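Novice: One structure, as structure tokens, below. Some questions next.
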Amino acid sequence: MSLQILLNGISTGAVYSLIAIGFALVFNILKFSNFSHGATMTASAFIAYFLVASKGWGLAPTLLCSALSGAIIGLIGEFIGFRRILLNHSAPTYFFVSSITLGTLYEGLVTLKTGTNFYVYPNFFDVATVKIFDAVVSKENIIILAISAVALIILAFIIQKTSIGRQIRAVSFDRDTAKLMGINSTLIIQVVFAISGFFGGLAGCFLGIKFTLTSTLGSLVVKGFIASVIGGLGSLTGAVIGAMLLGIMEALFLSLWGSGWATIASFALMLVFLLVRPQGIAGSNVQEKA
Amino acid sequence: MALLEIRHIYKNFGGLRAIDDFSLEANAGEIHGIIGPNGAGKTTIFNTITGVYHPDQGEVWLDGNNITKLPQYKITHMGIGRTFQNIRIFKGLTVEENVMCAFDPQSKYSIIGGILPTPNRIREERRGRELTRQYLDVVGMLGYKDEKPENLSYGNQRKVEIARALICKPKVLLLDEPAAGLTPTEVSELTDLIRKISADFGFAILLIEHRLDLVMSISDTIHVQNFGKTIASGTAKEVQNDPAVIEAYLGAEE
């Protein structure tokens, strides 16, 4: 495998990681897969396009706008979609239905504004490629990889080492006990939705840069979802590993067989993987002590 | 006014009357034992005090504040700490993190501090860590701070739970069957620990326990519950000789 393919794969994997992390964070704390995540990505990428990028403000403001929009959409979603269900101690199915409904709503709103047209972010880079050793790599891939890596490292630090991170972990393990230990679990859940949305916004913007902006951009969320399942649902490290594997595999298959077969091949391989190791890479199969 | 005042609380679950007019007044430094057969509503009393349920009637006052309808985390902030009948420790967090995360809601640093190492955050993290170690030391678990709690014995898990309750700075500490599943040696260690923290911290302790020897030996006042009703309350001697108590525990004489 050439360095070029590897770097492209890692860069795609980094974007999938951002998506997968957004999923895994919410899954951890509420034990359901948030299917409105894809539409959150689309909506924030478009908000950044219309508010910032179309005015020619460059990459950093666009990214920031997209990420912040994602965080705000996450917060709104938590409030209108999940808060009541949560306080009611309802079954996970309700969360599931609510998240699909929310996602469809967001996608509908985006389509109202954009129709089925394609939009393209302006070129953020003067020089399109850089040379690393003998590999020619697109500059956007390098930048995407770097920013994603920094974001993931900061998140890992927050989760592992800070007060808010410990509280997130405590609420993830046992929400009821956490409340009795003085943790405001509603606030912690809001923070998690904001972080998840923030990462969704970043991912949405990157996907818009790598591909084109359409109202169905969010369907790429499937990649992040698969990555988080492969990694072991709920495990943040697993999600990143799964996403990287998926990204590299896709880049490899793409160079070997072209885009049509690459997608089919990578999905087929994922299915085989789940057959062999259904709990995912980092998922544990240990029985709980009764 | 007493530190903790429970005034005539009632709680029904459907047709079941789990608490039927329970009142209690506890002052700093006192240990109150709550005993009674299974299903007598003892844990429901704790759940009502800590806000897991709100009582159908009646009020709970802590240090002059009505805490009856507050959300759970606020009740904890007001000064009620507790442990659980079936141990509820956060698996996956280390012993130290388990205790420290109960300090975290008190630590004051902003979202920005979550991302950037501001001086404020460094100071608060240090304060939290010091307090955590101090309380782990009180319960004798400092040596286990980096262990995963699920690998510890029940006795040690209970001690971690007690340390986690202590760091909430309680004015009233609720211990729900702390001796359940412990060996005799562990029970006597636990008895000493409860006496020690009661003397050192001067809070009121409410203790649910089935081991009558433990309850009788350390409680100032004992409340005997049966089918949600208080059938007797007083010193260990008084309740031991109360005919209603003997009837509840041994059955009525024919």
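Chains: A, B, ... in order of the structure tokens. Residues: from 1 per chain. Ligands: from 1, in order shown.
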List as a PyMOL selection string the protein and nucleic acid residues near region 224-227 of chain A, meaning an atom at most 6 Å away when only C-alpha atoms are counted, but skip any in the same chain fewer than 6 places from it.
Specialist: chain A and resi 16+19-20+239+242-243
Novice: For chain B, list the residues within 10 Å of chain A, counting only C-alpha atoms, and write the list as a count of residues only.
Specialist: 54
Novice: To one decimal place, how far is CA of Asp21 (chain B) from CA of Phe203 (chain B) in Å?
Specialist: 24.7 Å
Novice: Just give me the gap between CA of Ser66 (chain A) and CA of Gly204 (chain A) in Å, one decimal is fine.
Specialist: 7.5 Å
Novice: So that I can check the secondary structure, give me every residue of region 34-147 of chain B assigned strand (DSSP E) by backbone DSSP, as a list of chain:residue names.
Specialist: B:Ile34, B:Ile35, B:Gln57, B:Gly58, B:Glu59, B:Val60, B:Trp61, B:Leu62, B:Asn65, B:Asn66, B:Ile80, B:Gly81, B:Arg82
Novice: For the residues selected in the previous step, produce a file with C-alpha atoms as a compact mmCIF listing (two decimals), in the first residue's frame.
Specialist:
# COMPACT_ATOMS: atom_id res chain seq x y z
CA ILE B 34 -34.10 1.94 61.51
CA ILE B 35 -34.98 -1.74 61.72
CA GLN B 57 -47.83 13.82 52.16
CA GLY B 58 -45.49 15.24 54.76
CA GLU B 59 -42.27 17.21 54.65
CA VAL B 60 -38.55 16.72 55.07
CA TRP B 61 -36.58 19.60 56.59
CA LEU B 62 -32.81 19.78 56.71
CA ASN B 65 -34.70 24.24 54.82
CA ASN B 66 -37.62 22.38 53.31
CA ILE B 80 -27.46 14.45 52.57
CA GLY B 81 -25.07 11.67 51.65
CA ARG B 82 -25.96 8.02 51.31
Novice: What does the structure give for the distance between CA of Asn151 (chain B) and CA of Val139 (chain B), in Å to one decimal?
Specialist: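 Atom-to-atom, CA of Asn151 (chain B) to CA of Val139 (chain B), that is 17.5 Å.
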Novice: Could you check which of B:His54, B:Lys145, B:Lys69, B:Arg133 is closest to Leu166 (chain B), using only C-alpha atoms?
Specialist: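 Distance minimum relative to Leu166 (chain B) lands on B:Arg133.
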Novice: To test your reading of the structure, identify every residue in region 3-174 of chain B that backbone DSSP assigns to helix (DSSP H, G or I), and report it as a VMD selection string.
Specialist: chain B and resid 42 to 49 72 to 79 95 to 106 111 to 115 119 to 138 142 to 144 149 to 151 154 to 166
Novice: So that I can see what lies close to region 44-51 of chain A, please list as number ranges by chain the residues with an atom at most 12 Å from it, counting only C-alpha atoms and leaving out residues fewer than 4 positions away in the same chain.
Specialist: A: 37-40, 55-74, 106-107, 109-111, 113-114, 117-122, 197-209, 211-218
Novice: Pick out the residues sitting within 7 Å of region 204-219 of chain B, and hand them over as a list in words; count only C-alpha atoms, and ignore anything fewer than 2 positions along from it in its own chain.
Specialist: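 Residues near the query, excluding close chain neighbours: Ala26, Asn27, Ala28, Gly29, Glu30, Ile31, His32, Gly33, Ile34, Ile35, Lys42, Lys171, Val172, Leu173, Leu174, Leu175, Asp176, Glu177, Thr191, Gly202, Thr221, Ile222 and Ala236 of chain B.
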Novice: How about saving the chosen residues, N, CA and C atoms kept, as a compact mmCIF listing (two decimals), in the first residue's frame?
Specialist:
# COMPACT_ATOMS: atom_id res chain seq x y z
N ALA B 26 -33.53 14.16 64.01
CA ALA B 26 -32.16 13.74 64.31
C ALA B 26 -31.28 14.97 64.46
N ASN B 27 -30.40 14.95 65.45
CA ASN B 27 -29.47 16.06 65.67
C ASN B 27 -28.05 15.64 65.36
N ALA B 28 -27.19 16.63 65.18
CA ALA B 28 -25.79 16.36 64.88
C ALA B 28 -25.21 15.43 65.95
N GLY B 29 -24.42 14.45 65.52
CA GLY B 29 -23.76 13.55 66.44
C GLY B 29 -24.58 12.33 66.83
N GLU B 30 -25.86 12.32 66.47
CA GLU B 30 -26.70 11.18 66.85
C GLU B 30 -26.65 10.08 65.79
N ILE B 31 -26.84 8.85 66.26
CA ILE B 31 -27.00 7.74 65.32
C ILE B 31 -28.38 7.14 65.52
N HIS B 32 -29.18 7.12 64.45
CA HIS B 32 -30.52 6.54 64.52
C HIS B 32 -30.55 5.25 63.73
N GLY B 33 -30.99 4.18 64.37
CA GLY B 33 -31.14 2.92 63.66
C GLY B 33 -32.57 2.76 63.21
N ILE B 34 -32.75 2.26 61.98
CA ILE B 34 -34.10 1.94 61.51
C ILE B 34 -34.12 0.45 61.21
N ILE B 35 -34.93 -0.30 61.94
CA ILE B 35 -34.98 -1.74 61.72
C ILE B 35 -36.40 -2.16 61.41
N LYS B 42 -38.26 0.53 54.81
CA LYS B 42 -37.08 1.23 55.33
C LYS B 42 -36.33 1.95 54.21
N LYS B 171 -24.50 16.66 56.05
CA LYS B 171 -24.89 16.97 57.42
C LYS B 171 -25.59 15.76 58.01
N VAL B 172 -26.20 14.98 57.09
CA VAL B 172 -26.84 13.75 57.50
C VAL B 172 -26.35 12.64 56.58
N LEU B 173 -25.92 11.54 57.17
CA LEU B 173 -25.42 10.42 56.37
C LEU B 173 -26.39 9.25 56.49
N LEU B 174 -26.85 8.74 55.35
CA LEU B 174 -27.78 7.61 55.36
C LEU B 174 -27.02 6.35 54.95
N LEU B 175 -27.01 5.35 55.82
CA LEU B 175 -26.33 4.10 55.50
C LEU B 175 -27.38 3.00 55.37
N ASP B 176 -27.51 2.44 54.15
CA ASP B 176 -28.53 1.44 53.91
C ASP B 176 -27.92 0.04 53.97
N GLU B 177 -28.18 -0.66 55.03
CA GLU B 177 -27.64 -2.01 55.26
C GLU B 177 -26.15 -2.11 54.96
N THR B 191 -18.34 -1.34 62.23
CA THR B 191 -18.90 -0.73 63.44
C THR B 191 -17.95 0.35 63.96
N GLY B 202 -19.29 14.64 63.18
CA GLY B 202 -20.39 15.25 63.92
C GLY B 202 -21.67 15.38 63.13
N THR B 221 -30.94 6.06 69.12
CA THR B 221 -32.38 5.85 69.06
C THR B 221 -32.66 4.81 67.99
N ILE B 222 -33.63 3.95 68.25
CA ILE B 222 -33.98 2.94 67.25
C ILE B 222 -35.45 3.08 66.89
N ALA B 236 -32.20 1.26 72.69
CA ALA B 236 -32.11 -0.17 72.41
C ALA B 236 -32.89 -0.97 73.46
Novice: Which is closest to Ile29 (chain A) among A:Ile5, A:Ile80, A:Ile188, A:Ala91, if we use only C-alpha atoms?
Specialist: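 Nearest to Ile29 (chain A): A:Ile188.
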